[in-house]
file upload_29.pdb (PDB, C-alpha atoms)
ATOM      1  CA  VAL A   1      86.675 148.168  84.243  1.00  0.00           C
ATOM      2  CA  GLU A   2      85.290 144.791  85.267  1.00  0.00           C
ATOM      3  CA  GLN A   3      86.930 144.879  88.710  1.00  0.00           C
ATOM      4  CA  SER A   4      85.788 148.456  89.327  1.00  0.00           C
ATOM      5  CA  VAL A   5      82.205 147.580  88.476  1.00  0.00           C
ATOM      6  CA  TYR A   6      82.302 144.523  90.744  1.00  0.00           C
ATOM      7  CA  ALA A   7      83.676 146.637  93.579  1.00  0.00           C
ATOM      8  CA  LEU A   8      80.924 149.186  93.019  1.00  0.00           C
ATOM      9  CA  LEU A   9      78.237 146.497  93.016  1.00  0.00           C
ATOM     10  CA  ARG A  10      79.636 144.767  96.113  1.00  0.00           C
ATOM     11  CA  THR A  11      79.733 148.066  98.000  1.00  0.00           C
ATOM     12  CA  ARG A  12      76.196 148.874  96.947  1.00  0.00           C
ATOM     13  CA  ASP A  13      74.910 145.425  97.907  1.00  0.00           C
ATOM     14  CA  PHE A  14      76.588 145.624 101.307  1.00  0.00           C
ATOM     15  CA  ALA A  15      75.181 149.107 101.908  1.00  0.00           C
ATOM     16  CA  ILE A  16      71.665 147.996 100.929  1.00  0.00           C
ATOM     17  CA  SER A  17      71.720 145.085 103.359  1.00  0.00           C
ATOM     18  CA  ARG A  18      73.055 147.264 106.183  1.00  0.00           C
ATOM     19  CA  TYR A  19      70.569 150.078 105.512  1.00  0.00           C
ATOM     20  CA  LYS A  20      67.677 147.598 105.490  1.00  0.00           C
ATOM     21  CA  GLU A  21      68.798 146.331 108.898  1.00  0.00           C
ATOM     22  CA  PHE A  22      68.454 149.848 110.285  1.00  0.00           C
ATOM     23  CA  GLY A  23      65.198 150.584 108.467  1.00  0.00           C
ATOM     24  CA  LEU A  24      66.716 153.208 106.175  1.00  0.00           C
ATOM     25  CA  PRO A  25      65.341 153.749 102.652  1.00  0.00           C
ATOM     26  CA  VAL A  26      67.339 151.946  99.972  1.00  0.00           C
ATOM     27  CA  ASN A  27      65.493 152.825  96.760  1.00  0.00           C
ATOM     28  CA  TRP A  28      68.031 155.508  95.918  1.00  0.00           C
ATOM     29  CA  LEU A  29      70.794 152.874  96.010  1.00  0.00           C
ATOM     30  CA  LEU A  30      69.206 150.615  93.422  1.00  0.00           C
ATOM     31  CA  ASP A  31      70.719 150.492  89.954  1.00  0.00           C
ATOM     32  CA  SER A  32      70.621 154.023  88.583  1.00  0.00           C
ATOM     33  CA  GLY A  33      71.973 153.022  85.220  1.00  0.00           C
ATOM     34  CA  VAL A  34      75.654 153.485  86.070  1.00  0.00           C
ATOM     35  CA  VAL A  35      76.491 149.866  85.292  1.00  0.00           C
ATOM     36  CA  GLY A  36      74.502 150.065  82.073  1.00  0.00           C
ATOM     37  CA  LYS A  37      76.425 153.179  81.067  1.00  0.00           C
ATOM     38  CA  ILE A  38      79.735 151.458  81.800  1.00  0.00           C
ATOM     39  CA  LYS A  39      78.636 148.474  79.708  1.00  0.00           C
ATOM     40  CA  LEU A  40      77.534 150.705  76.833  1.00  0.00           C
ATOM     41  CA  SER A  41      80.812 152.632  76.954  1.00  0.00           C
ATOM     42  CA  SER A  42      82.776 149.365  76.894  1.00  0.00           C
ATOM     43  CA  ILE A  43      80.866 148.189  73.843  1.00  0.00           C
ATOM     44  CA  GLN A  44      81.376 151.541  72.119  1.00  0.00           C
ATOM     45  CA  LEU A  45      85.101 151.303  72.852  1.00  0.00           C
ATOM     46  CA  ALA A  46      85.189 147.791  71.386  1.00  0.00           C
ATOM     47  CA  ASN A  47      83.370 149.046  68.288  1.00  0.00           C
ATOM     48  CA  MET A  48      85.910 151.858  67.816  1.00  0.00           C
ATOM     49  CA  TYR A  49      88.783 149.411  68.343  1.00  0.00           C
ATOM     50  CA  MET A  50      87.402 146.961  65.792  1.00  0.00           C
ATOM     51  CA  LYS A  51      86.921 149.768  63.245  1.00  0.00           C
ATOM     52  CA  ARG A  52      90.528 150.800  63.792  1.00  0.00           C
ATOM     53  CA  ILE A  53      91.720 147.221  63.260  1.00  0.00           C
ATOM     54  CA  ALA A  54      89.613 146.960  60.104  1.00  0.00           C
ATOM     55  CA  SER A  55      91.178 150.134  58.713  1.00  0.00           C
ATOM     56  CA  GLU A  56      94.676 148.864  59.569  1.00  0.00           C
ATOM     57  CA  LEU A  57      93.922 145.565  57.834  1.00  0.00           C
ATOM     58  CA  ASP A  58      92.810 147.457  54.727  1.00  0.00           C
ATOM     59  CA  ILE A  59      96.143 149.289  54.668  1.00  0.00           C
ATOM     60  CA  LEU A  60      98.212 146.132  55.127  1.00  0.00           C
ATOM     61  CA  SER A  61      98.140 144.008  52.017  1.00  0.00           C
ATOM     62  CA  GLY A  62     100.539 141.609  50.438  1.00  0.00           C
ATOM     63  CA  PRO A  63     102.250 138.446  51.625  1.00  0.00           C
ATOM     64  CA  GLU A  64     105.015 140.319  53.490  1.00  0.00           C
ATOM     65  CA  ASN A  65     102.425 141.763  55.902  1.00  0.00           C
ATOM     66  CA  GLU A  66     100.575 138.509  56.573  1.00  0.00           C
ATOM     67  CA  PRO A  67     102.056 137.953  60.085  1.00  0.00           C
ATOM     68  CA  THR A  68     101.076 141.489  61.072  1.00  0.00           C
ATOM     69  CA  ARG A  69      97.569 141.000  59.697  1.00  0.00           C
ATOM     70  CA  GLU A  70      97.167 137.743  61.623  1.00  0.00           C
ATOM     71  CA  PHE A  71      98.370 139.426  64.817  1.00  0.00           C
ATOM     72  CA  LEU A  72      95.890 142.296  64.401  1.00  0.00           C
ATOM     73  CA  ILE A  73      93.010 139.909  63.750  1.00  0.00           C
ATOM     74  CA  LEU A  74      93.930 137.842  66.806  1.00  0.00           C
ATOM     75  CA  GLN A  75      94.134 140.932  69.027  1.00  0.00           C
ATOM     76  CA  GLY A  76      90.809 142.208  67.738  1.00  0.00           C
ATOM     77  CA  VAL A  77      89.059 138.908  68.388  1.00  0.00           C
ATOM     78  CA  ARG A  78      90.540 138.654  71.890  1.00  0.00           C
ATOM     79  CA  PHE A  79      89.468 142.192  72.752  1.00  0.00           C
ATOM     80  CA  ALA A  80      85.948 141.747  71.375  1.00  0.00           C
ATOM     81  CA  PHE A  81      85.550 138.446  73.233  1.00  0.00           C
ATOM     82  CA  ARG A  82      86.694 140.023  76.506  1.00  0.00           C
ATOM     83  CA  VAL A  83      84.258 142.931  76.164  1.00  0.00           C
ATOM     84  CA  HIS A  84      81.516 140.438  75.376  1.00  0.00           C
ATOM     85  CA  GLN A  85      82.358 138.424  78.508  1.00  0.00           C
ATOM     86  CA  VAL A  86      82.363 141.520  80.714  1.00  0.00           C
ATOM     87  CA  SER A  87      79.018 142.658  79.335  1.00  0.00           C
ATOM     88  CA  LEU A  88      77.383 139.279  79.875  1.00  0.00           C
ATOM     89  CA  THR A  89      78.853 138.949  83.365  1.00  0.00           C
ATOM     90  CA  LEU A  90      77.536 142.386  84.341  1.00  0.00           C
ATOM     91  CA  LEU A  91      74.103 141.577  82.973  1.00  0.00           C
ATOM     92  CA  PHE A  92      74.017 138.290  84.892  1.00  0.00           C
ATOM     93  CA  HIS A  93      75.092 140.018  88.103  1.00  0.00           C
ATOM     94  CA  LEU A  94      72.398 142.677  87.687  1.00  0.00           C
ATOM     95  CA  PHE A  95      69.820 139.942  87.102  1.00  0.00           C
ATOM     96  CA  VAL A  96      70.861 138.105  90.284  1.00  0.00           C
ATOM     97  CA  VAL A  97      70.806 141.311  92.340  1.00  0.00           C
ATOM     98  CA  THR A  98      67.409 142.280  90.944  1.00  0.00           C
ATOM     99  CA  MET A  99      65.964 138.832  91.714  1.00  0.00           C
ATOM    100  CA  HIS A 100      67.449 138.997  95.210  1.00  0.00           C
ATOM    101  CA  ASN A 101      65.922 142.450  95.818  1.00  0.00           C
ATOM    102  CA  ILE A 102      62.519 141.300  94.530  1.00  0.00           C
ATOM    103  CA  SER A 103      62.510 138.268  96.811  1.00  0.00           C
ATOM    104  CA  LEU A 104      63.251 140.417  99.889  1.00  0.00           C
TER     105      LEU A 104
END

call {"tool": "encode", "arguments": {"input": "upload_29.pdb", "output": "structure tokens"}}
result
Amino acid sequence: VEQSVYALLRTRDFAISRYKEFGLPVNWLLDSGVVGKIKLSSIQLANMYMKRIASELDILSGPENEPTREFLILQGVRFAFRVHQVSLTLLFHLFVVTMHNISL
């Protein structure tokens, strides 16, 4: 998801700069909420994943299942951290692009 969003943003940024060179309108290319929707969907997916892990952890009890429980917790934390990183990176990129567009 992260690479697809970056590719989308790079393409859009390149198109905006080229269109401005030729005096074409670029307002329709500005962020239409697509990146925000991708971010929201990623967070919703992470929420569903964490709920699933929580339900699996509730099912697994007892000392014989401790390695499995630890593995599930580790995977859940890794996934949540990665989604968090992607969301923050996208927000930072949108901020930079917005500041760049305002300064032009």

call {"tool": "closest_residue", "arguments": {"input": "upload_29.pdb", "among": "A:Arg52, A:Arg18, A:Lys39, A:Arg12", "to": "Gln75 of chain A", "atoms": "all atoms listed in the file"}}
result
A:Arg52

call {"tool": "resolve_selection", "arguments": {"input": "upload_29.pdb", "expression": "the PyMOL selection byres ((chain A and resi 69) around 12)", "output": "list in words"}}
result
Ile53, Ala54, Ser55, Glu56, Leu57, Asp58, Ile59, Leu60, Ser61, Gly62, Pro63, Glu64, Asn65, Glu66, Pro67, Thr68, Glu70, Phe71, Leu72, Ile73, Leu74, Gln75 and Gly76 of chain A

call {"tool": "atom_distance", "arguments": {"input": "upload_29.pdb", "atom1": "atom CA of Gly36 of chain A", "atom2": "atom CA of Ile16 of chain A"}}
result
19.2 Å

call {"tool": "closest_residue", "arguments": {"input": "upload_29.pdb", "among": "A:Ser17, A:Pro25, A:Val5, A:Arg82", "to": "Lys37 of chain A", "atoms": "all atoms listed in the file"}}
result
A:Val5

call {"tool": "resolve_selection", "arguments": {"input": "upload_29.pdb", "expression": "the PyMOL selection byres ((chain A and resi 26) around 12)", "output": "list in words"}}
result
Arg12, Asp13, Phe14, Ala15, Ile16, Ser17, Arg18, Tyr19, Lys20, Glu21, Phe22, Gly23, Leu24, Pro25, Asn27, Trp28, Leu29, Leu30, Asp31 and Asn101 of chain A

call {"tool": "atom_distance", "arguments": {"input": "upload_29.pdb", "atom1": "atom CA of His84 of chain A", "atom2": "atom CA of Ile43 of chain A"}}
result
7.9 Å

call {"tool": "atom_distance", "arguments": {"input": "upload_29.pdb", "atom1": "atom CA of Leu40 of chain A", "atom2": "atom CA of Gln3 of chain A"}}
result
16.2 Å

call {"tool": "axis_aligned_box", "arguments": {"input": "upload_29.pdb", "around": "segment 40-44 of chain A", "padding_each_side": "4 Å", "output": "lines of an AutoDock Vina configuration file"}}
result
center_x = 80.2
center_y = 150.4
center_z = 74.5
size_x = 13.2
size_y = 12.4
size_z = 12.8
